[in-house]
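Okay, run.json is below, JSON, C-alpha atoms:
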```json
[["chain", "number", "residue", "atom", "x", "y", "z"],
["A", 1, "MET", "CA", 5.06, 6.61, -28.92],
["A", 2, "THR", "CA", 2.74, 7.82, -26.15],
["A", 3, "PRO", "CA", -0.83, 7.17, -27.33],
["A", 4, "THR", "CA", -2.76, 10.24, -28.43],
["A", 5, "PRO", "CA", -6.00, 10.81, -26.49],
["A", 6, "PRO", "CA", -9.29, 11.00, -28.39],
["A", 7, "PRO", "CA", -9.86, 14.25, -30.35],
["A", 8, "GLY", "CA", -11.31, 16.99, -28.21],
["A", 9, "ASP", "CA", -10.44, 15.12, -25.01],
["A", 10, "ALA", "CA", -7.20, 16.92, -24.20],
["A", 11, "PRO", "CA", -7.33, 20.29, -22.46],
["A", 12, "THR", "CA", -4.57, 22.68, -23.36],
["A", 13, "PRO", "CA", -1.73, 22.38, -20.84],
["A", 14, "SER", "CA", -0.94, 25.51, -18.89],
["A", 15, "VAL", "CA", 2.55, 26.70, -19.75],
["A", 16, "SER", "CA", 3.99, 29.79, -18.11],
["A", 17, "ALA", "CA", 7.31, 31.59, -18.44],
["A", 18, "ALA", "CA", 7.01, 32.35, -14.71],
["A", 19, "ALA", "CA", 5.84, 28.95, -13.50],
["A", 20, "PRO", "CA", 5.50, 28.48, -9.75],
["A", 21, "PRO", "CA", 8.35, 26.62, -8.03],
["A", 22, "LEU", "CA", 7.94, 22.87, -7.70],
["A", 23, "ARG", "CA", 6.71, 21.73, -4.29],
["A", 24, "LEU", "CA", 8.78, 18.81, -3.05],
["A", 25, "ALA", "CA", 7.26, 16.17, -0.75],
["A", 26, "TYR", "CA", 8.13, 12.78, 0.71],
["A", 27, "GLY", "CA", 5.86, 9.74, 1.04],
["A", 28, "THR", "CA", 5.03, 8.34, 4.46],
["A", 29, "ASN", "CA", 5.14, 4.83, 2.96],
["A", 30, "GLY", "CA", 8.90, 5.33, 3.16],
["A", 31, "LEU", "CA", 8.75, 6.42, 6.81],
["A", 32, "THR", "CA", 6.73, 3.60, 8.32],
["A", 33, "ASP", "CA", 9.14, 3.14, 11.23],
["A", 34, "LEU", "CA", 8.32, 6.64, 12.46],
["A", 35, "ARG", "CA", 5.23, 7.88, 14.27],
["A", 36, "LEU", "CA", 3.26, 10.13, 11.94],
["A", 37, "THR", "CA", 3.85, 13.23, 14.04],
["A", 38, "ASP", "CA", 7.58, 12.51, 14.05],
["A", 39, "ALA", "CA", 7.57, 11.94, 10.28],
["A", 40, "LEU", "CA", 5.78, 15.25, 9.61],
["A", 41, "THR", "CA", 8.12, 17.12, 11.93],
["A", 42, "LEU", "CA", 11.14, 15.54, 10.23],
["A", 43, "LEU", "CA", 9.97, 16.57, 6.75],
["A", 44, "SER", "CA", 9.20, 20.11, 7.88],
["A", 45, "ASP", "CA", 12.55, 20.47, 9.62],
["A", 46, "LEU", "CA", 14.37, 19.23, 6.52],
["A", 47, "GLY", "CA", 12.61, 21.83, 4.38],
["A", 48, "TYR", "CA", 10.07, 19.80, 2.41],
["A", 49, "ASP", "CA", 6.97, 21.60, 1.15],
["A", 50, "GLY", "CA", 4.59, 18.69, 1.63],
["A", 51, "VAL", "CA", 3.90, 15.06, 2.43],
["A", 52, "ALA", "CA", 2.24, 12.22, 0.53],
["A", 53, "LEU", "CA", 0.28, 10.56, 3.33],
["A", 54, "THR", "CA", -0.53, 6.87, 2.84],
["A", 55, "LEU", "CA", -3.55, 5.90, 4.93],
["A", 56, "ASP", "CA", -2.39, 2.80, 6.80],
["A", 57, "HIS", "CA", -2.55, 1.14, 10.20],
["A", 58, "MET", "CA", 0.57, 2.96, 11.43],
["A", 59, "HIS", "CA", -0.27, 6.36, 9.90],
["A", 60, "LEU", "CA", -3.87, 7.59, 10.20],
["A", 61, "ASP", "CA", -5.60, 4.21, 10.00],
["A", 62, "PRO", "CA", -8.71, 4.74, 7.83],
["A", 63, "LEU", "CA", -10.54, 1.78, 9.42],
["A", 64, "ALA", "CA", -9.91, 2.39, 13.13],
["A", 65, "PRO", "CA", -12.43, 4.17, 15.38],
["A", 66, "GLY", "CA", -12.30, 7.92, 15.85],
["A", 67, "LEU", "CA", -11.10, 8.77, 12.35],
["A", 68, "ALA", "CA", -12.57, 12.27, 12.35],
["A", 69, "ALA", "CA", -10.86, 13.24, 15.61],
["A", 70, "ARG", "CA", -7.56, 11.69, 14.53],
["A", 71, "THR", "CA", -7.77, 13.49, 11.19],
["A", 72, "ALA", "CA", -8.33, 16.78, 13.00],
["A", 73, "ARG", "CA", -5.15, 16.22, 15.01],
["A", 74, "VAL", "CA", -3.21, 15.52, 11.82],
["A", 75, "ALA", "CA", -4.65, 18.72, 10.34],
["A", 76, "ASP", "CA", -3.29, 20.61, 13.36],
["A", 77, "THR", "CA", 0.15, 19.08, 12.86],
["A", 78, "LEU", "CA", 0.14, 19.89, 9.15],
["A", 79, "ARG", "CA", -0.79, 23.47, 9.96],
["A", 80, "ASP", "CA", 1.97, 23.71, 12.60],
["A", 81, "THR", "CA", 4.59, 22.24, 10.25],
["A", 82, "GLY", "CA", 3.44, 24.16, 7.17],
["A", 83, "LEU", "CA", 3.22, 21.02, 5.04],
["A", 84, "ALA", "CA", 0.83, 20.57, 2.13],
["A", 85, "VAL", "CA", -0.60, 17.05, 1.79],
["A", 86, "ALA", "CA", -1.70, 14.56, -0.85],
["A", 87, "ILE", "CA", -3.56, 11.40, 0.18],
["A", 88, "GLU", "CA", -2.27, 8.06, -1.10],
["A", 89, "THR", "CA", -4.08, 4.72, -0.83],
["A", 90, "GLY", "CA", -1.39, 2.18, -1.67],
["A", 91, "ALA", "CA", -1.14, 0.56, 1.77],
["A", 92, "ARG", "CA", -0.27, -3.09, 1.21],
["A", 93, "TYR", "CA", -2.48, -4.85, 3.76],
["A", 94, "VAL", "CA", -4.96, -2.24, 4.96],
["A", 95, "LEU", "CA", -8.01, -4.20, 3.72],
["A", 96, "ASP", "CA", -6.74, -7.79, 3.62],
["A", 97, "PRO", "CA", -4.04, -8.93, 6.09],
["A", 98, "LEU", "CA", -3.02, -11.84, 3.86],
["A", 99, "ARG", "CA", -3.13, -10.54, 0.26],
["A", 100, "LYS", "CA", -1.19, -7.43, -0.74],
["A", 101, "HIS", "CA", -3.29, -4.63, -2.24],
["A", 102, "HIS", "CA", -6.48, -6.70, -2.13],
["A", 103, "PRO", "CA", -9.34, -6.45, -2.68],
["A", 104, "THR", "CA", -9.10, -4.32, -5.81],
["A", 105, "LEU", "CA", -11.44, -2.17, -7.86],
["A", 106, "ILE", "CA", -11.61, -4.95, -10.47],
["A", 107, "ASP", "CA", -12.20, -7.90, -8.14],
["A", 108, "PRO", "CA", -14.87, -10.24, -9.60],
["A", 109, "ASP", "CA", -16.62, -10.23, -6.20],
["A", 110, "PRO", "CA", -18.86, -7.13, -5.99],
["A", 111, "ASP", "CA", -18.59, -7.02, -2.19],
["A", 112, "ALA", "CA", -14.80, -6.99, -2.46],
["A", 113, "ARG", "CA", -14.89, -4.15, -5.00],
["A", 114, "ALA", "CA", -17.25, -2.26, -2.71],
["A", 115, "ALA", "CA", -14.74, -2.51, 0.14],
["A", 116, "ARG", "CA", -12.09, -0.80, -2.00],
["A", 117, "THR", "CA", -14.58, 1.81, -3.19],
["A", 118, "ASP", "CA", -15.55, 2.54, 0.41],
["A", 119, "LEU", "CA", -11.89, 2.92, 1.36],
["A", 120, "LEU", "CA", -11.38, 5.44, -1.44],
["A", 121, "ARG", "CA", -14.46, 7.42, -0.44],
["A", 122, "THR", "CA", -13.07, 7.52, 3.08],
["A", 123, "ALA", "CA", -9.79, 8.77, 1.65],
["A", 124, "VAL", "CA", -11.67, 11.54, -0.15],
["A", 125, "ARG", "CA", -13.31, 12.61, 3.12],
["A", 126, "VAL", "CA", -9.94, 12.63, 4.86],
["A", 127, "GLY", "CA", -8.43, 14.56, 1.96],
["A", 128, "ALA", "CA", -11.18, 17.14, 2.11],
["A", 129, "ASP", "CA", -10.70, 17.57, 5.87],
["A", 130, "LEU", "CA", -6.93, 18.01, 5.41],
["A", 131, "GLY", "CA", -7.15, 20.30, 2.37],
["A", 132, "ALA", "CA", -5.31, 17.77, 0.22],
["A", 133, "THR", "CA", -4.06, 18.50, -3.27],
["A", 134, "ALA", "CA", -5.29, 15.12, -4.60],
["A", 135, "VAL", "CA", -6.38, 11.60, -3.63],
["A", 136, "HIS", "CA", -4.41, 8.81, -5.29],
["A", 137, "CYS", "CA", -5.63, 5.33, -6.31],
["A", 138, "PHE", "CA", -4.86, 2.48, -8.73],
["A", 139, "SER", "CA", -6.75, -0.27, -10.57],
["A", 140, "GLY", "CA", -5.31, -3.50, -9.17],
["A", 141, "ILE", "CA", -3.78, -6.56, -10.83],
["A", 142, "ARG", "CA", -5.70, -8.31, -13.62],
["A", 143, "ASP", "CA", -7.89, -11.19, -12.53],
["A", 144, "PRO", "CA", -6.78, -14.17, -14.69],
["A", 145, "GLY", "CA", -10.34, -15.46, -14.96],
["A", 146, "SER", "CA", -11.82, -12.18, -16.25],
["A", 147, "ALA", "CA", -11.88, -10.72, -19.74],
["A", 148, "ASP", "CA", -10.19, -7.33, -19.98],
["A", 149, "ALA", "CA", -13.37, -5.69, -21.24],
["A", 150, "ASP", "CA", -15.20, -6.86, -18.12],
["A", 151, "SER", "CA", -12.36, -5.67, -15.89],
["A", 152, "TRP", "CA", -12.32, -2.19, -17.44],
["A", 153, "GLN", "CA", -16.05, -1.90, -16.96],
["A", 154, "ARG", "CA", -15.77, -3.02, -13.34],
["A", 155, "LEU", "CA", -13.05, -0.45, -12.79],
["A", 156, "ALA", "CA", -15.10, 2.37, -14.26],
["A", 157, "THR", "CA", -18.20, 1.39, -12.29],
["A", 158, "ALA", "CA", -16.26, 1.11, -9.02],
["A", 159, "LEU", "CA", -14.64, 4.51, -9.55],
["A", 160, "ASP", "CA", -17.84, 6.35, -10.46],
["A", 161, "PRO", "CA", -18.98, 6.98, -6.85],
["A", 162, "VAL", "CA", -15.44, 7.85, -5.78],
["A", 163, "ALA", "CA", -15.12, 10.41, -8.58],
["A", 164, "ALA", "CA", -18.51, 11.82, -7.60],
["A", 165, "ALA", "CA", -17.39, 12.16, -3.99],
["A", 166, "ALA", "CA", -14.15, 13.80, -5.09],
["A", 167, "SER", "CA", -16.06, 16.23, -7.30],
["A", 168, "ASP", "CA", -18.36, 17.15, -4.40],
["A", 169, "ALA", "CA", -15.29, 17.67, -2.18],
["A", 170, "GLY", "CA", -13.55, 19.82, -4.79],
["A", 171, "LEU", "CA", -10.36, 17.77, -5.01],
["A", 172, "PRO", "CA", -9.13, 15.54, -7.84],
["A", 173, "LEU", "CA", -9.00, 11.77, -7.78],
["A", 174, "ALA", "CA", -5.63, 10.86, -9.35],
["A", 175, "VAL", "CA", -5.33, 7.36, -10.83],
["A", 176, "GLU", "CA", -1.84, 5.86, -11.02],
["A", 177, "PRO", "CA", -0.73, 3.58, -13.87],
["A", 178, "GLU", "CA", 1.04, 0.75, -12.06],
["A", 179, "PRO", "CA", 3.25, -1.83, -13.82],
["A", 180, "GLY", "CA", 1.55, -5.23, -13.76],
["A", 181, "HIS", "CA", -1.92, -3.78, -13.10],
["A", 182, "LEU", "CA", -4.88, -3.61, -15.46],
["A", 183, "LEU", "CA", -4.21, 0.12, -15.78],
["A", 184, "SER", "CA", -0.46, -0.06, -16.23],
["A", 185, "ASP", "CA", 0.51, 2.85, -18.47],
["A", 186, "LEU", "CA", -0.60, 6.16, -19.94],
["A", 187, "ALA", "CA", -2.48, 4.39, -22.73],
["A", 188, "GLY", "CA", -4.49, 2.57, -20.06],
["A", 189, "PHE", "CA", -5.26, 5.85, -18.31],
["A", 190, "HIS", "CA", -6.69, 7.32, -21.51],
["A", 191, "HIS", "CA", -8.67, 4.13, -22.11],
["A", 192, "LEU", "CA", -10.22, 4.43, -18.64],
["A", 193, "ARG", "CA", -11.15, 8.05, -19.31],
["A", 194, "THR", "CA", -12.85, 6.98, -22.53],
["A", 195, "VAL", "CA", -14.80, 4.22, -20.73],
["A", 196, "MET", "CA", -15.88, 6.76, -18.09],
["A", 197, "GLY", "CA", -16.98, 9.37, -20.62],
["A", 198, "ALA", "CA", -13.94, 11.69, -20.44],
["A", 199, "PRO", "CA", -14.52, 13.28, -17.02],
["A", 200, "ASP", "CA", -12.93, 16.61, -16.19],
["A", 201, "PRO", "CA", -9.25, 16.19, -15.15],
["A", 202, "ASP", "CA", -10.06, 17.98, -11.89],
["A", 203, "VAL", "CA", -12.48, 15.12, -11.14],
["A", 204, "LEU", "CA", -10.51, 12.18, -12.58],
["A", 205, "GLY", "CA", -6.87, 13.04, -13.06],
["A", 206, "LEU", "CA", -3.55, 11.22, -13.18],
["A", 207, "THR", "CA", -0.88, 10.25, -10.69],
["A", 208, "LEU", "CA", 2.28, 10.24, -12.80],
["A", 209, "ASP", "CA", 5.08, 8.10, -11.36],
["A", 210, "ILE", "CA", 8.31, 9.16, -13.07],
["A", 211, "GLY", "CA", 10.01, 5.85, -12.31],
["A", 212, "HIS", "CA", 7.18, 3.96, -13.99],
["A", 213, "CYS", "CA", 7.70, 6.10, -17.09],
["A", 214, "GLN", "CA", 11.35, 5.03, -17.15],
["A", 215, "CYS", "CA", 10.34, 1.42, -16.52],
["A", 216, "LEU", "CA", 7.85, 0.85, -19.32],
["A", 217, "GLU", "CA", 6.65, 3.88, -21.30],
["A", 218, "PRO", "CA", 7.98, 4.18, -24.89],
["A", 219, "GLU", "CA", 8.75, 7.89, -24.45],
["A", 220, "SER", "CA", 11.32, 9.40, -22.10],
["A", 221, "PRO", "CA", 10.14, 10.44, -18.63],
["A", 222, "ALA", "CA", 10.42, 14.13, -19.58],
["A", 223, "ASP", "CA", 8.31, 13.56, -22.70],
["A", 224, "CYS", "CA", 5.77, 11.66, -20.59],
["A", 225, "VAL", "CA", 5.52, 14.66, -18.26],
["A", 226, "ARG", "CA", 4.74, 16.95, -21.15],
["A", 227, "ALA", "CA", 2.29, 14.56, -22.80],
["A", 228, "ALA", "CA", 0.44, 13.92, -19.54],
["A", 229, "ALA", "CA", 0.48, 17.51, -18.28],
["A", 230, "PRO", "CA", -3.21, 18.29, -18.92],
["A", 231, "TRP", "CA", -4.30, 15.44, -16.64],
["A", 232, "THR", "CA", -1.51, 15.22, -14.04],
["A", 233, "ARG", "CA", -2.68, 16.07, -10.54],
["A", 234, "HIS", "CA", -0.09, 14.18, -8.45],
["A", 235, "VAL", "CA", 3.53, 13.19, -9.14],
["A", 236, "GLN", "CA", 5.65, 10.46, -7.56],
["A", 237, "LEU", "CA", 9.39, 10.42, -8.02],
["A", 238, "GLU", "CA", 12.20, 7.92, -7.50],
["A", 239, "ASP", "CA", 14.98, 6.44, -9.61],
["A", 240, "MET", "CA", 14.38, 3.31, -11.70],
["A", 241, "ARG", "CA", 15.87, 1.22, -14.49],
["A", 242, "ARG", "CA", 14.32, 0.33, -17.81],
["A", 243, "GLY", "CA", 12.17, -2.80, -17.59],
["A", 244, "VAL", "CA", 12.65, -3.28, -13.84],
["A", 245, "HIS", "CA", 9.89, -2.14, -11.48],
["A", 246, "GLU", "CA", 12.06, -1.37, -8.46],
["A", 247, "HIS", "CA", 11.93, 1.96, -6.63],
["A", 248, "LEU", "CA", 15.53, 3.11, -6.13],
["A", 249, "PRO", "CA", 17.21, 5.99, -4.29],
["A", 250, "PHE", "CA", 18.26, 8.83, -6.58],
["A", 251, "GLY", "CA", 21.39, 8.02, -8.54],
["A", 252, "ASP", "CA", 20.96, 4.25, -8.32],
["A", 253, "GLY", "CA", 18.88, 4.05, -11.51],
["A", 254, "GLU", "CA", 18.92, 5.47, -15.03],
["A", 255, "ILE", "CA", 16.68, 8.56, -14.95],
["A", 256, "ASP", "CA", 18.06, 11.90, -16.15],
["A", 257, "PHE", "CA", 16.29, 14.16, -13.66],
["A", 258, "PRO", "CA", 16.91, 17.77, -14.76],
["A", 259, "PRO", "CA", 14.85, 17.37, -17.96],
["A", 260, "VAL", "CA", 12.03, 15.80, -15.91],
["A", 261, "LEU", "CA", 12.04, 18.62, -13.37],
["A", 262, "ALA", "CA", 12.27, 21.19, -16.17],
["A", 263, "ALA", "CA", 9.24, 19.62, -17.89],
["A", 264, "LEU", "CA", 7.23, 19.77, -14.66],
["A", 265, "ARG", "CA", 8.24, 23.39, -14.18],
["A", 266, "ASP", "CA", 7.62, 24.41, -17.80],
["A", 267, "THR", "CA", 4.13, 22.89, -17.86],
["A", 268, "ALA", "CA", 3.30, 24.83, -14.67],
["A", 269, "TYR", "CA", 2.52, 21.69, -12.67],
["A", 270, "GLN", "CA", 1.04, 22.83, -9.34],
["A", 271, "GLY", "CA", 0.64, 19.65, -7.28],
["A", 272, "LEU", "CA", 3.16, 17.92, -5.06],
["A", 273, "VAL", "CA", 6.26, 16.14, -6.38],
["A", 274, "SER", "CA", 6.65, 13.34, -3.87],
["A", 275, "VAL", "CA", 9.60, 11.01, -3.32],
["A", 276, "GLU", "CA", 8.36, 7.41, -3.15],
["A", 277, "LEU", "CA", 10.72, 4.86, -1.59],
["A", 278, "PRO", "CA", 8.37, 2.35, 0.08],
["A", 279, "ARG", "CA", 10.99, -0.38, 0.53],
["A", 280, "HIS", "CA", 13.51, 1.87, 2.24],
["A", 281, "SER", "CA", 11.74, 2.79, 5.45],
["A", 282, "HIS", "CA", 14.60, 1.36, 7.49],
["A", 283, "ALA", "CA", 16.69, 4.29, 6.22],
["A", 284, "GLY", "CA", 13.81, 6.73, 5.88],
["A", 285, "PRO", "CA", 15.14, 9.74, 7.82],
["A", 286, "ASP", "CA", 18.50, 9.65, 6.06],
["A", 287, "LEU", "CA", 16.97, 9.12, 2.61],
["A", 288, "ALA", "CA", 14.50, 11.95, 3.19],
["A", 289, "ARG", "CA", 17.47, 14.23, 3.84],
["A", 290, "THR", "CA", 19.64, 13.04, 0.94],
["A", 291, "SER", "CA", 16.71, 12.95, -1.50],
["A", 292, "LEU", "CA", 15.90, 16.60, -0.84],
["A", 293, "HIS", "CA", 19.56, 17.53, -1.29],
["A", 294, "PHE", "CA", 19.64, 15.65, -4.60],
["A", 295, "LEU", "CA", 16.45, 17.21, -5.97],
["A", 296, "ARG", "CA", 17.53, 20.71, -5.02],
["A", 297, "SER", "CA", 20.85, 20.17, -6.80],
["A", 298, "GLN", "CA", 19.01, 19.02, -9.93],
["A", 299, "LEU", "CA", 16.63, 21.96, -9.78],
["A", 300, "ARG", "CA", 19.57, 24.35, -9.67],
["A", 301, "LEU", "CA", 20.82, 22.88, -12.94],
["A", 302, "CYS", "CA", 17.48, 23.75, -14.55],
["A", 303, "SER", "CA", 17.31, 27.21, -12.97],
["A", 304, "GLU", "CA", 20.77, 28.28, -14.17],
["A", 305, "PRO", "CA", 20.93, 27.29, -17.86],
["A", 306, "SER", "CA", 23.72, 29.77, -18.56],
["A", 307, "ALA", "CA", 26.04, 28.25, -15.98],
["A", 308, "PRO", "CA", 28.63, 25.73, -17.24],
["A", 309, "ALA", "CA", 27.34, 22.20, -16.74],
["A", 310, "PRO", "CA", 29.73, 19.67, -15.18],
["A", 311, "ASP", "CA", 30.46, 16.42, -16.98],
["A", 312, "ARG", "CA", 29.01, 14.54, -14.04],
["A", 313, "VAL", "CA", 26.35, 15.90, -11.72],
["A", 314, "PRO", "CA", 27.24, 15.41, -8.05],
["A", 315, "ALA", "CA", 24.56, 13.51, -6.19],
["A", 316, "VAL", "CA", 24.19, 11.58, -3.01],
["A", 317, "HIS", "CA", 24.08, 8.25, -4.85],
["A", 318, "GLY", "CA", 25.77, 9.40, -8.08],
["A", 319, "GLY", "CA", 24.09, 9.89, -11.47],
["A", 320, "GLY", "CA", 22.32, 13.01, -12.71],
["A", 321, "GLY", "CA", 22.07, 14.78, -16.02],
["A", 322, "ARG", "CA", 21.57, 18.11, -17.75],
["A", 323, "CYS", "CA", 18.50, 20.04, -18.81]]
```

Represent the structure from my file as structure tokens, please.
Amino acid sequence: MTPTPPPGDAPTPSVSAAAPPLRLAYGTNGLTDLRLTDALTLLSDLGYDGVALTLDHMHLDPLAPGLAARTARVADTLRDTGLAVAIETGARYVLDPLRKHHPTLIDPDPDARAARTDLLRTAVRVGADLGATAVHCFSGIRDPGSADADSWQRLATALDPVAAAASDAGLPLAVEPEPGHLLSDLAGFHHLRTVMGAPDPDVLGLTLDIGHCQCLEPESPADCVRAAAPWTRHVQLEDMRRGVHEHLPFGDGEIDFPPVLAALRDTAYQGLVSVELPRHSHAGPDLARTSLHFLRSQLRLCSEPSAPAPDRVPAVHGGGGRC
């Protein structure tokens, strides 16, 4: 069962009979073989509403000179293409060319933690300049030589200045539970909020990865959406199988998507719903097209409850489900 947050900690989720339509996006970590301008043009031409922009050496490098000018050019392109944007910070080797996702926010070395904190504060500045919906981050993998209590405290301390910067910028920091990390599930997210004194969800919110819910949460992905609704500020979406952390194209996993999309709609989620296929960049343009087709077909199932439902939902890679 999804852990219940501390009493008084949960805001009432906004539920509306006339919820706004879901805004579909695609992650640039699945388009790394394209120039950023080409990727944004592709997504706009396909009909996406937004983009989840991973700051990386090939797409708006956060560490290279001239960041402000380069960010301004990206802002122009976003305006021309009509795309909303969320900022993601999951680049594999942006800080350390030899160790994936290092250093982390829970690294025992304070200078290493500071490097990750600085990167996230840079991401907040970029997000503010681009009018982003949220800035995403994650905890990092447990250090085997550290007690969990120490790691949680390091995480909270490292995030404090980032959350303050996000609050000043008026955009939420959205922490992602990541399988195998210190903060790996929704229970871990609520534990972090407790350690940090239950900050406002518009300061410290949640990135909810639907595949991760399928992978390891005890509740169904749709139930996770509803339980996490008060805190969710960014959503990532892909197919996945139970117990296997592998991002799959839609239809290649086990997720029943119409109930998930219905839960997002019914809880009046207002951020971006972004396809995340970081290991499929070689087929990025084609998967961007087929993923949008799939999601639109699943949304139609939720929007027309009176229509007869087929025994099997057509999809690009098979699979599907009913609301």

>> Could you check the closest approach to Ile141 in chain A for each of A:Pro110, A:Pro258, A:Pro177, A:Gly27 and tell me which residue wins, using all atoms listed in the file?
In response: A:Pro177

> Between A:Ala114, A:Val175, A:Pro278, A:Gly170, which is the closest to Thr54 in chain A once you count only C-alpha atoms?
Replying inline: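 Smallest separation from Thr54 in chain A among the options: A:Pro278.
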
>> Report, in Å with one decimal, the straight-line distance from CA of Pro285 in chain A to CA of Ala174 in chain A.
In response: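 Taking CA of Pro285 in chain A and CA of Ala174 in chain A, their separation equals 27.0 Å.
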
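Here CA of Met240 in chain A stands at a distance of 5.1 Å from CA of Gly211 in chain A.
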
> Which is closer to Asp107 in chain A than all the others in A:Arg142, A:Arg73, A:Arg289, A:Arg125, using all atoms listed in the file?
Replying inline: A:Arg142

> Residues at most 12 Å from Pro97 in chain A, counting all atoms listed in the file, excluding those fewer than 5 positions away in the same chain, as number ranges by chain?
Replying inline: A: 56-57, 91-92, 102-103
